[in-house]
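Since the structure comes first, as structure tokens, the remarks are kept for the end.
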There are 2 protein chains.
Amino acid sequence: MKEEIPVSKANRLVNHGPVILVTSQFKEKTNIITLAWQMPVSHKPMLIAISIAKSHFSHDMVKGSGEFAVNVPNVNLLSQVHYCGTTSGRDIDKFARSGLTTLPAQKINPPLIAECIGHIECRLQNMYPVGDHSVFVGEVLAASVEEGLFDGCWKLDEPRAKSLHHLGGNLYTTPDNILEAD
Amino acid sequence: MKEEIPVSKANRLVNHGPVILVTSQFKEKTNIITLAWQMPVSHKPMLIAISIAKSHFSHDMVKGSGEFAVNVPNVNLLSQVHYCGTTSGRDIDKFARSGLTTLPAQKINPPLIAECIGHIECRLQNMYPVGDHSVFVGEVLAASVEEGLFDGCWKLDEPRAKSLHHLGGNLYTTPDNILEAD
């Protein structure tokens, strides 16, 4: 079950730098792309930035539709995450192939990914060509989490709250415990 | 001891989403700011983006000087990281107060932080006002690591290679082991 969280807390879903699965929908096609390059960029308004290679299919889908969803996978989705990061939606239906399933979003057209533990629905606010990528800045319209895993921060004592972080190539890592600073 | 790594691998130092300590130098002052909001944004050229609140001292120092260094702290620097993220360099000398020490950079004026395990020297390529922050895009001029901790990816079997990741407030986490995708 999903529960909504305040838009003002959406940055906390990705603040620790996990890989994300970005979903987009344009001209009857739906796509998923795995991205390690994401960061919140503003609190008021709540804005999230993602960087997508200009050559990627999702680049033109997000540009064309003006919407995208950020989905946070947990460590159990390692093989799906790597699959969606190493294949192109130009040729295949990544939902069908990966076994990931759709969940309707509240405020945007692209579906969420049911198996993910965090969801941020974004309307494209601006886009900046930067080197061989474009940085897409999305205004957060809604955010939700898998029930029981988030209480303002991810509850890492719960194994299902553990995200994936991309080291490079086919290597990933996942968070250990929570550390409290003085 | 530090060893240089190819600029083309600099993204791998921050790809997994660690907090960073950004150093800057402007008008005889040197500063450190802790940032969770960072991401690589391009391979060719190698570009790194950081987001700094418009109200912060480092914002105007990076804008004014056109240079910054990204330093990757490890888990042993938790208290210094939190200190540098919750104080302003307008009032204090964060190097003196935190006990962190400077190391000359190769290509830029701001010093590196000797105690950190990764270093990326950047020349400001562009800056974008986005909400209540600015996104600074830096071109990577040089990158280096603490010897023995990086071989194209962080060697997380070595405890000193473990970074810090910010969950929110005073809560952080650090990576567990390396996971290999099929």
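Following the order of the structure tokens, first chain is A, next is B, and so on, with residues numbered from 1 inside each chain and ligands from 1 in the order they appear.
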Please check the contacts: residues of chain B at most 6 Å away from chain A, using only C-alpha atoms, listed as an mmCIF file with all heavy atoms, in the first residue's frame.
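And here's part_4.cif as it stands now:
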data_model
loop_
_atom_site.group_PDB
_atom_site.id
_atom_site.type_symbol
_atom_site.label_atom_id
_atom_site.label_comp_id
_atom_site.auth_asym_id
_atom_site.auth_seq_id
_atom_site.Cartn_x
_atom_site.Cartn_y
_atom_site.Cartn_z
ATOM 1 N N ASN B 15 29.167 9.155 -7.988
ATOM 2 C CA ASN B 15 28.063 8.535 -8.704
ATOM 3 C C ASN B 15 27.035 7.876 -7.775
ATOM 4 O O ASN B 15 25.854 7.785 -8.108
ATOM 5 C CB ASN B 15 28.639 7.460 -9.630
ATOM 6 C CG ASN B 15 27.838 7.256 -10.886
ATOM 7 O OD1 ASN B 15 27.748 8.154 -11.703
ATOM 8 N ND2 ASN B 15 27.246 6.083 -11.025
ATOM 9 N N HIS B 16 27.490 7.420 -6.605
ATOM 10 C CA HIS B 16 26.620 6.716 -5.653
ATOM 11 C C HIS B 16 25.937 7.671 -4.679
ATOM 12 O O HIS B 16 25.275 7.230 -3.750
ATOM 13 C CB HIS B 16 27.397 5.618 -4.920
ATOM 14 C CG HIS B 16 28.608 6.102 -4.168
ATOM 15 N ND1 HIS B 16 29.472 7.047 -4.676
ATOM 16 C CD2 HIS B 16 29.100 5.769 -2.948
ATOM 17 C CE1 HIS B 16 30.446 7.270 -3.797
ATOM 18 N NE2 HIS B 16 30.239 6.516 -2.749
ATOM 19 N N GLY B 17 26.114 9.002 -4.898
ATOM 20 C CA GLY B 17 25.302 9.971 -4.158
ATOM 21 C C GLY B 17 25.793 10.357 -2.782
ATOM 22 O O GLY B 17 24.970 10.698 -1.915
ATOM 23 N N TRP B 37 23.342 17.720 -2.356
ATOM 24 C CA TRP B 37 22.753 17.892 -3.678
ATOM 25 C C TRP B 37 23.849 18.087 -4.718
ATOM 26 O O TRP B 37 24.267 19.215 -4.999
ATOM 27 C CB TRP B 37 21.775 19.069 -3.654
ATOM 28 C CG TRP B 37 20.588 18.835 -2.759
ATOM 29 C CD1 TRP B 37 20.316 17.722 -2.006
ATOM 30 C CD2 TRP B 37 19.493 19.724 -2.526
ATOM 31 N NE1 TRP B 37 19.130 17.865 -1.320
ATOM 32 C CE2 TRP B 37 18.597 19.097 -1.619
ATOM 33 C CE3 TRP B 37 19.167 20.999 -2.990
ATOM 34 C CZ2 TRP B 37 17.421 19.698 -1.177
ATOM 35 C CZ3 TRP B 37 17.989 21.598 -2.543
ATOM 36 C CH2 TRP B 37 17.129 20.947 -1.658
ATOM 37 N N MET B 39 25.447 16.037 -8.524
ATOM 38 C CA MET B 39 25.378 14.934 -9.494
ATOM 39 C C MET B 39 26.301 15.227 -10.670
ATOM 40 O O MET B 39 26.478 16.380 -11.047
ATOM 41 C CB MET B 39 23.945 14.714 -10.012
ATOM 42 C CG MET B 39 23.343 15.846 -10.827
ATOM 43 S SD MET B 39 21.689 15.401 -11.496
ATOM 44 C CE MET B 39 21.215 16.954 -12.287
ATOM 45 N N VAL B 41 26.788 15.490 -14.575
ATOM 46 C CA VAL B 41 25.776 15.832 -15.586
ATOM 47 C C VAL B 41 26.230 15.581 -17.014
ATOM 48 O O VAL B 41 25.408 15.677 -17.942
ATOM 49 C CB VAL B 41 25.279 17.292 -15.466
ATOM 50 C CG1 VAL B 41 24.356 17.440 -14.266
ATOM 51 C CG2 VAL B 41 26.420 18.290 -15.376
ATOM 52 N N SER B 42 27.491 15.283 -17.237
ATOM 53 C CA SER B 42 27.958 15.015 -18.603
ATOM 54 C C SER B 42 29.251 14.215 -18.548
ATOM 55 O O SER B 42 30.070 14.411 -17.640
ATOM 56 C CB SER B 42 28.200 16.341 -19.332
ATOM 57 O OG SER B 42 28.861 16.145 -20.574
ATOM 58 N N PRO B 45 32.042 16.944 -22.362
ATOM 59 C CA PRO B 45 33.090 17.027 -21.351
ATOM 60 C C PRO B 45 32.600 16.494 -20.006
ATOM 61 O O PRO B 45 31.392 16.358 -19.800
ATOM 62 C CB PRO B 45 33.367 18.532 -21.268
ATOM 63 C CG PRO B 45 32.059 19.163 -21.626
ATOM 64 C CD PRO B 45 31.461 18.266 -22.673
ATOM 65 N N SER B 51 24.172 22.041 -6.198
ATOM 66 C CA SER B 51 23.106 23.014 -5.948
ATOM 67 C C SER B 51 23.363 23.673 -4.592
ATOM 68 O O SER B 51 23.485 22.976 -3.580
ATOM 69 C CB SER B 51 21.754 22.300 -5.972
ATOM 70 O OG SER B 51 20.704 23.220 -5.830
ATOM 71 N N SER B 79 31.278 13.905 12.066
ATOM 72 C CA SER B 79 31.030 15.109 12.870
ATOM 73 C C SER B 79 31.492 16.367 12.129
ATOM 74 O O SER B 79 30.815 17.400 12.175
ATOM 75 C CB SER B 79 31.658 14.999 14.260
ATOM 76 O OG SER B 79 33.054 14.924 14.160
ATOM 77 N N GLY B 131 14.768 27.945 -8.532
ATOM 78 C CA GLY B 131 14.060 28.049 -7.257
ATOM 79 C C GLY B 131 14.873 28.851 -6.264
ATOM 80 O O GLY B 131 15.409 29.923 -6.595
ATOM 81 N N ASP B 132 14.998 28.328 -5.030
ATOM 82 C CA ASP B 132 15.736 29.055 -3.992
ATOM 83 C C ASP B 132 17.232 28.709 -3.967
ATOM 84 O O ASP B 132 17.941 29.090 -3.032
ATOM 85 C CB ASP B 132 15.088 28.841 -2.605
ATOM 86 C CG ASP B 132 14.891 27.377 -2.253
ATOM 87 O OD1 ASP B 132 15.562 26.505 -2.854
ATOM 88 O OD2 ASP B 132 14.055 27.088 -1.363
ATOM 89 N N HIS B 133 17.695 27.985 -4.955
ATOM 90 C CA HIS B 133 19.105 27.609 -5.082
ATOM 91 C C HIS B 133 19.658 28.067 -6.439
ATOM 92 O O HIS B 133 18.913 28.517 -7.300
ATOM 93 C CB HIS B 133 19.258 26.083 -4.994
ATOM 94 C CG HIS B 133 19.150 25.526 -3.613
ATOM 95 N ND1 HIS B 133 18.080 25.774 -2.779
ATOM 96 C CD2 HIS B 133 20.001 24.719 -2.904
ATOM 97 C CE1 HIS B 133 18.270 25.141 -1.617
ATOM 98 N NE2 HIS B 133 19.428 24.499 -1.665
ATOM 99 N N CYS B 153 36.161 2.033 -9.437
ATOM 100 C CA CYS B 153 35.014 2.210 -8.543
ATOM 101 C C CYS B 153 35.569 2.264 -7.120
ATOM 102 O O CYS B 153 36.690 1.812 -6.871
ATOM 103 C CB CYS B 153 34.042 1.029 -8.634
ATOM 104 S SG CYS B 153 33.155 0.925 -10.193
ATOM 105 N N HIS B 165 26.152 9.470 3.343
ATOM 106 C CA HIS B 165 24.987 9.829 2.526
ATOM 107 C C HIS B 165 23.947 10.430 3.465
ATOM 108 O O HIS B 165 23.653 9.850 4.516
ATOM 109 C CB HIS B 165 24.436 8.582 1.818
ATOM 110 C CG HIS B 165 25.451 7.965 0.898
ATOM 111 N ND1 HIS B 165 25.331 7.991 -0.464
ATOM 112 C CD2 HIS B 165 26.627 7.349 1.161
ATOM 113 C CE1 HIS B 165 26.388 7.409 -1.004
ATOM 114 N NE2 HIS B 165 27.186 7.003 -0.036
ATOM 115 N N HIS B 166 23.405 11.563 3.080
ATOM 116 C CA HIS B 166 22.536 12.324 3.990
ATOM 117 C C HIS B 166 21.071 11.943 3.836
ATOM 118 O O HIS B 166 20.480 12.112 2.766
ATOM 119 C CB HIS B 166 22.712 13.826 3.720
ATOM 120 C CG HIS B 166 22.037 14.687 4.731
ATOM 121 N ND1 HIS B 166 21.308 15.795 4.392
ATOM 122 C CD2 HIS B 166 21.963 14.590 6.090
ATOM 123 C CE1 HIS B 166 20.829 16.352 5.495
ATOM 124 N NE2 HIS B 166 21.208 15.644 6.532
ATOM 125 N N LEU B 167 20.484 11.444 4.918
ATOM 126 C CA LEU B 167 19.068 11.057 4.899
ATOM 127 C C LEU B 167 18.156 12.244 5.198
ATOM 128 O O LEU B 167 17.012 12.289 4.737
ATOM 129 C CB LEU B 167 18.821 9.963 5.939
ATOM 130 C CG LEU B 167 19.513 8.627 5.656
ATOM 131 C CD1 LEU B 167 19.464 7.746 6.901
ATOM 132 C CD2 LEU B 167 18.873 7.913 4.478
ATOM 133 N N ASN B 170 19.914 15.323 11.129
ATOM 134 C CA ASN B 170 21.260 14.893 11.530
ATOM 135 C C ASN B 170 21.486 13.395 11.272
ATOM 136 O O ASN B 170 22.338 12.774 11.893
ATOM 137 C CB ASN B 170 21.522 15.241 13.004
ATOM 138 C CG ASN B 170 20.645 14.439 13.948
ATOM 139 O OD1 ASN B 170 19.580 13.982 13.547
ATOM 140 N ND2 ASN B 170 21.098 14.269 15.174
ATOM 141 N N LEU B 171 20.715 12.847 10.342
ATOM 142 C CA LEU B 171 20.811 11.413 10.043
ATOM 143 C C LEU B 171 21.514 11.155 8.711
ATOM 144 O O LEU B 171 21.192 11.775 7.695
ATOM 145 C CB LEU B 171 19.417 10.775 10.023
ATOM 146 C CG LEU B 171 18.603 10.932 11.312
ATOM 147 C CD1 LEU B 171 17.263 10.221 11.183
ATOM 148 C CD2 LEU B 171 19.369 10.438 12.539
ATOM 149 N N TYR B 172 22.471 10.245 8.770
ATOM 150 C CA TYR B 172 23.281 9.875 7.611
ATOM 151 C C TYR B 172 23.292 8.355 7.508
ATOM 152 O O TYR B 172 22.866 7.651 8.421
ATOM 153 C CB TYR B 172 24.717 10.384 7.781
ATOM 154 C CG TYR B 172 24.836 11.899 7.831
ATOM 155 C CD1 TYR B 172 24.530 12.600 8.997
ATOM 156 C CD2 TYR B 172 25.250 12.617 6.720
ATOM 157 C CE1 TYR B 172 24.625 13.986 9.036
ATOM 158 C CE2 TYR B 172 25.360 14.008 6.746
ATOM 159 C CZ TYR B 172 25.041 14.685 7.919
ATOM 160 O OH TYR B 172 25.137 16.053 7.949
ATOM 161 N N THR B 173 23.834 7.863 6.392
ATOM 162 C CA THR B 173 24.090 6.437 6.293
ATOM 163 C C THR B 173 25.396 6.250 5.516
ATOM 164 O O THR B 173 25.988 7.222 5.049
ATOM 165 C CB THR B 173 22.909 5.686 5.635
ATOM 166 O OG1 THR B 173 23.156 4.272 5.709
ATOM 167 C CG2 THR B 173 22.719 6.087 4.187
ATOM 168 N N THR B 174 25.843 5.010 5.437
ATOM 169 C CA THR B 174 27.089 4.702 4.733
ATOM 170 C C THR B 174 26.882 3.406 3.969
ATOM 171 O O THR B 174 26.021 2.602 4.345
ATOM 172 C CB THR B 174 28.251 4.615 5.757
ATOM 173 O OG1 THR B 174 29.498 4.586 5.060
ATOM 174 C CG2 THR B 174 28.126 3.388 6.642
ATOM 175 N N PRO B 175 27.614 3.184 2.883
ATOM 176 C CA PRO B 175 27.354 1.985 2.078
ATOM 177 C C PRO B 175 27.747 0.694 2.784
ATOM 178 O O PRO B 175 28.742 0.633 3.493
ATOM 179 C CB PRO B 175 28.249 2.167 0.846
ATOM 180 C CG PRO B 175 28.593 3.600 0.807
ATOM 181 C CD PRO B 175 28.598 4.058 2.236
ATOM 182 N N ASP B 176 26.965 -0.307 2.525
ATOM 183 C CA ASP B 176 27.277 -1.678 2.903
ATOM 184 C C ASP B 176 28.215 -2.241 1.816
ATOM 185 O O ASP B 176 29.026 -1.504 1.274
ATOM 186 C CB ASP B 176 25.946 -2.443 2.990
ATOM 187 C CG ASP B 176 26.053 -3.709 3.809
ATOM 188 O OD1 ASP B 176 27.165 -4.168 4.057
ATOM 189 O OD2 ASP B 176 24.990 -4.264 4.175
ATOM 190 N N ASN B 177 28.073 -3.474 1.476
ATOM 191 C CA ASN B 177 28.981 -4.112 0.521
ATOM 192 C C ASN B 177 28.678 -3.782 -0.939
ATOM 193 O O ASN B 177 27.669 -3.163 -1.239
ATOM 194 C CB ASN B 177 28.905 -5.631 0.691
ATOM 195 C CG ASN B 177 29.361 -6.033 2.073
ATOM 196 O OD1 ASN B 177 30.326 -5.472 2.592
ATOM 197 N ND2 ASN B 177 28.654 -6.978 2.677
ATOM 198 N N ILE B 178 29.548 -4.268 -1.810
ATOM 199 C CA ILE B 178 29.319 -4.130 -3.257
ATOM 200 C C ILE B 178 28.371 -5.236 -3.734
ATOM 201 O O ILE B 178 28.508 -6.398 -3.338
ATOM 202 C CB ILE B 178 30.661 -4.212 -4.021
ATOM 203 C CG1 ILE B 178 31.503 -2.970 -3.721
ATOM 204 C CG2 ILE B 178 30.430 -4.378 -5.518
ATOM 205 C CD1 ILE B 178 32.863 -2.943 -4.388
ATOM 206 N N LEU B 179 27.397 -4.838 -4.556
ATOM 207 C CA LEU B 179 26.458 -5.787 -5.162
ATOM 208 C C LEU B 179 26.723 -5.813 -6.660
ATOM 209 O O LEU B 179 26.886 -4.756 -7.281
ATOM 210 C CB LEU B 179 25.020 -5.323 -4.929
ATOM 211 C CG LEU B 179 24.601 -5.107 -3.480
ATOM 212 C CD1 LEU B 179 23.237 -4.419 -3.417
ATOM 213 C CD2 LEU B 179 24.569 -6.450 -2.743
ATOM 214 N N GLU B 180 26.766 -6.990 -7.233
ATOM 215 C CA GLU B 180 27.056 -7.106 -8.658
ATOM 216 C C GLU B 180 25.790 -7.540 -9.398
ATOM 217 O O GLU B 180 25.202 -8.560 -9.061
ATOM 218 C CB GLU B 180 28.179 -8.140 -8.846
ATOM 219 C CG GLU B 180 28.827 -8.058 -10.194
ATOM 220 C CD GLU B 180 30.057 -8.961 -10.311
ATOM 221 O OE1 GLU B 180 30.594 -9.384 -9.268
ATOM 222 O OE2 GLU B 180 30.425 -9.248 -11.454
ATOM 223 N N ALA B 181 25.395 -6.739 -10.379
ATOM 224 C CA ALA B 181 24.207 -7.089 -11.179
ATOM 225 C C ALA B 181 24.604 -8.087 -12.269
ATOM 226 O O ALA B 181 25.744 -8.085 -12.723
ATOM 227 C CB ALA B 181 23.600 -5.843 -11.803
#
Give me every helix (DSSP H, G or I) residue in chain A, going by DSSP on the backbone, as a PyMOL selection string.
chain A and resi 7-13+57-65+75-85+94-98+159-161
Which residues are close to Leu21 in chain A, i.e. within 8 Å by only C-alpha atoms, leaving aside same-chain residues fewer than 5 positions away? Reply as a PyMOL selection string.
chain A and resi 32-35+70-73+81+84
Quick one: write out the picked residues with N, CA and C atoms as a PDB file, in the first residue's frame?
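Wrote again.pdb, looks like this:
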ATOM      1  N   ILE A  32      10.798   3.409 -19.198  1.00  0.00           N
ATOM      2  CA  ILE A  32      11.506   3.437 -17.911  1.00  0.00           C
ATOM      3  C   ILE A  32      12.981   3.644 -18.218  1.00  0.00           C
ATOM      4  N   ILE A  33      13.641   4.532 -17.494  1.00  0.00           N
ATOM      5  CA  ILE A  33      15.099   4.634 -17.599  1.00  0.00           C
ATOM      6  C   ILE A  33      15.689   4.665 -16.186  1.00  0.00           C
ATOM      7  N   THR A  34      16.784   3.946 -16.005  1.00  0.00           N
ATOM      8  CA  THR A  34      17.509   3.967 -14.739  1.00  0.00           C
ATOM      9  C   THR A  34      18.486   5.132 -14.758  1.00  0.00           C
ATOM     10  N   LEU A  35      18.470   5.939 -13.723  1.00  0.00           N
ATOM     11  CA  LEU A  35      19.380   7.080 -13.637  1.00  0.00           C
ATOM     12  C   LEU A  35      20.064   7.127 -12.273  1.00  0.00           C
ATOM     13  N   VAL A  70       9.685  10.091 -10.788  1.00  0.00           N
ATOM     14  CA  VAL A  70      10.868   9.496 -10.169  1.00  0.00           C
ATOM     15  C   VAL A  70      10.381   8.366  -9.269  1.00  0.00           C
ATOM     16  N   ASN A  71      10.870   7.157  -9.516  1.00  0.00           N
ATOM     17  CA  ASN A  71      10.527   6.006  -8.682  1.00  0.00           C
ATOM     18  C   ASN A  71      11.794   5.504  -8.009  1.00  0.00           C
ATOM     19  N   VAL A  72      11.727   5.252  -6.706  1.00  0.00           N
ATOM     20  CA  VAL A  72      12.906   4.789  -5.965  1.00  0.00           C
ATOM     21  C   VAL A  72      12.803   3.273  -5.768  1.00  0.00           C
ATOM     22  N   PRO A  73      13.689   2.520  -6.418  1.00  0.00           N
ATOM     23  CA  PRO A  73      13.667   1.058  -6.244  1.00  0.00           C
ATOM     24  C   PRO A  73      14.410   0.667  -4.973  1.00  0.00           C
ATOM     25  N   VAL A  81      16.669  -2.982 -12.167  1.00  0.00           N
ATOM     26  CA  VAL A  81      17.328  -1.678 -12.273  1.00  0.00           C
ATOM     27  C   VAL A  81      18.439  -1.734 -13.314  1.00  0.00           C
ATOM     28  N   CYS A  84      16.958  -2.063 -16.873  1.00  0.00           N
ATOM     29  CA  CYS A  84      16.371  -0.821 -17.411  1.00  0.00           C
ATOM     30  C   CYS A  84      17.439   0.249 -17.668  1.00  0.00           C
TER      31      CYS A  84
END
Any idea what's packed within 9 Å of His119 in chain A, counting only C-alpha atoms, ignoring anything in its chain fewer than 4 positions away? Could you give it as a list of chain:residue names?
A:Ala10, A:Leu13, A:Ala69, A:Val70, A:Asn71, A:Val72, A:Ala105, A:Leu112, A:Ile113, A:Ala142, A:Ala143, A:Ser144, A:Val145, A:Glu146
Between range 79-123 of chain A and range 57-66 of chain A, at 10 Å or less, what are the per-residue closest atom pairs and their distances in Å? Count only C-alpha atoms, order by chain and rising residue number, and return it as JSON lines.
{"residue": "A:Ser88", "atom": "CA", "partner": "A:Phe57", "partner_atom": "CA", "distance": 6.8}
{"residue": "A:Gly89", "atom": "CA", "partner": "A:Phe57", "partner_atom": "CA", "distance": 6.4}
{"residue": "A:Arg90", "atom": "CA", "partner": "A:Phe57", "partner_atom": "CA", "distance": 6.0}
{"residue": "A:Asp91", "atom": "CA", "partner": "A:Phe57", "partner_atom": "CA", "distance": 9.6}
{"residue": "A:Ile108", "atom": "CA", "partner": "A:Gly66", "partner_atom": "CA", "distance": 9.7}
{"residue": "A:Asn109", "atom": "CA", "partner": "A:Ser65", "partner_atom": "CA", "distance": 9.0}
{"residue": "A:Pro110", "atom": "CA", "partner": "A:Ser65", "partner_atom": "CA", "distance": 9.2}
{"residue": "A:Cys122", "atom": "CA", "partner": "A:Gly66", "partner_atom": "CA", "distance": 8.7}
{"residue": "A:Arg123", "atom": "CA", "partner": "A:Gly66", "partner_atom": "CA", "distance": 6.0}
Can you write just those residues out, all heavy atoms, as a JSON list (two decimals), in the first residue's frame?
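Wrote result_35.json, looks like this:
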[["chain", "number", "residue", "atom", "x", "y", "z"],
["A", 88, "SER", "N", 17.32, -0.07, -24.36],
["A", 88, "SER", "CA", 16.61, 1.12, -24.83],
["A", 88, "SER", "C", 15.14, 0.84, -25.09],
["A", 88, "SER", "O", 14.78, -0.15, -25.72],
["A", 88, "SER", "CB", 17.24, 1.65, -26.12],
["A", 88, "SER", "OG", 16.41, 2.69, -26.63],
["A", 89, "GLY", "N", 14.31, 1.76, -24.60],
["A", 89, "GLY", "CA", 12.87, 1.67, -24.80],
["A", 89, "GLY", "C", 12.44, 1.95, -26.24],
["A", 89, "GLY", "O", 11.27, 1.83, -26.56],
["A", 90, "ARG", "N", 13.40, 2.33, -27.08],
["A", 90, "ARG", "CA", 13.07, 2.50, -28.49],
["A", 90, "ARG", "C", 12.65, 1.17, -29.11],
["A", 90, "ARG", "O", 11.80, 1.11, -29.99],
["A", 90, "ARG", "CB", 14.31, 3.00, -29.26],
["A", 90, "ARG", "CG", 14.29, 4.46, -29.59],
["A", 90, "ARG", "CD", 15.47, 4.84, -30.47],
["A", 90, "ARG", "NE", 16.47, 5.62, -29.75],
["A", 90, "ARG", "CZ", 16.36, 6.91, -29.47],
["A", 90, "ARG", "NH1", 15.29, 7.59, -29.83],
["A", 90, "ARG", "NH2", 17.31, 7.54, -28.80],
["A", 91, "ASP", "N", 13.30, 0.11, -28.62],
["A", 91, "ASP", "CA", 13.13, -1.20, -29.22],
["A", 91, "ASP", "C", 12.18, -2.12, -28.45],
["A", 91, "ASP", "O", 11.61, -3.04, -29.01],
["A", 91, "ASP", "CB", 14.50, -1.91, -29.32],
["A", 91, "ASP", "CG", 15.58, -0.96, -29.83],
["A", 91, "ASP", "OD1", 15.29, -0.25, -30.81],
["A", 91, "ASP", "OD2", 16.67, -0.92, -29.24],
["A", 108, "ILE", "N", -0.04, 13.21, -12.80],
["A", 108, "ILE", "CA", 0.58, 13.22, -14.13],
["A", 108, "ILE", "C", 0.17, 11.96, -14.91],
["A", 108, "ILE", "O", -0.35, 11.01, -14.33],
["A", 108, "ILE", "CB", 2.13, 13.30, -14.04],
["A", 108, "ILE", "CG1", 2.71, 12.10, -13.27],
["A", 108, "ILE", "CG2", 2.56, 14.63, -13.39],
["A", 108, "ILE", "CD1", 4.23, 12.05, -13.23],
["A", 109, "ASN", "N", 0.44, 11.98, -16.20],
["A", 109, "ASN", "CA", 0.06, 10.85, -17.05],
["A", 109, "ASN", "C", 0.98, 9.63, -16.96],
["A", 109, "ASN", "O", 0.48, 8.50, -16.99],
["A", 109, "ASN", "CB", -0.03, 11.31, -18.51],
["A", 109, "ASN", "CG", -1.28, 12.13, -18.75],
["A", 109, "ASN", "OD1", -2.38, 11.76, -18.30],
["A", 109, "ASN", "ND2", -1.13, 13.26, -19.41],
["A", 110, "PRO", "N", 2.31, 9.81, -16.88],
["A", 110, "PRO", "CA", 3.16, 8.61, -16.82],
["A", 110, "PRO", "C", 2.81, 7.78, -15.59],
["A", 110, "PRO", "O", 2.52, 8.34, -14.52],
["A", 110, "PRO", "CB", 4.59, 9.17, -16.70],
["A", 110, "PRO", "CG", 4.51, 10.59, -17.14],
["A", 110, "PRO", "CD", 3.11, 11.05, -16.84],
["A", 122, "CYS", "N", 6.43, 14.66, -11.21],
["A", 122, "CYS", "CA", 7.00, 15.96, -11.60],
["A", 122, "CYS", "C", 6.43, 16.49, -12.91],
["A", 122, "CYS", "O", 6.24, 15.75, -13.87],
["A", 122, "CYS", "CB", 8.51, 15.82, -11.79],
["A", 122, "CYS", "SG", 9.40, 15.39, -10.29],
["A", 123, "ARG", "N", 6.24, 17.81, -12.92],
["A", 123, "ARG", "CA", 5.94, 18.53, -14.16],
["A", 123, "ARG", "C", 7.21, 19.28, -14.55],
["A", 123, "ARG", "O", 7.81, 19.96, -13.71],
["A", 123, "ARG", "CB", 4.81, 19.51, -13.92],
["A", 123, "ARG", "CG", 4.47, 20.36, -15.14],
["A", 123, "ARG", "CD", 3.18, 21.14, -14.93],
["A", 123, "ARG", "NE", 3.29, 21.93, -13.70],
["A", 123, "ARG", "CZ", 2.24, 22.31, -12.96],
["A", 123, "ARG", "NH1", 1.02, 21.99, -13.32],
["A", 123, "ARG", "NH2", 2.41, 23.03, -11.85]]
Taking the DSSP assignment computed from this structure's backbone, write out as a ChimeraX atom specification all residues of range 133-182 of chain B that belong to strand (DSSP E or B).
/B:133-146,150,154,163,165-168,171-180
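Picture a line from CA of Gly118 in chain B to CA of Phe136 in chain A; it runs 27.2 Å.
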Nearest candidate to Leu124 in chain B (options B:Ile20, B:Ala161, B:Pro6, B:Phe68; using only C-alpha atoms)
B:Phe68
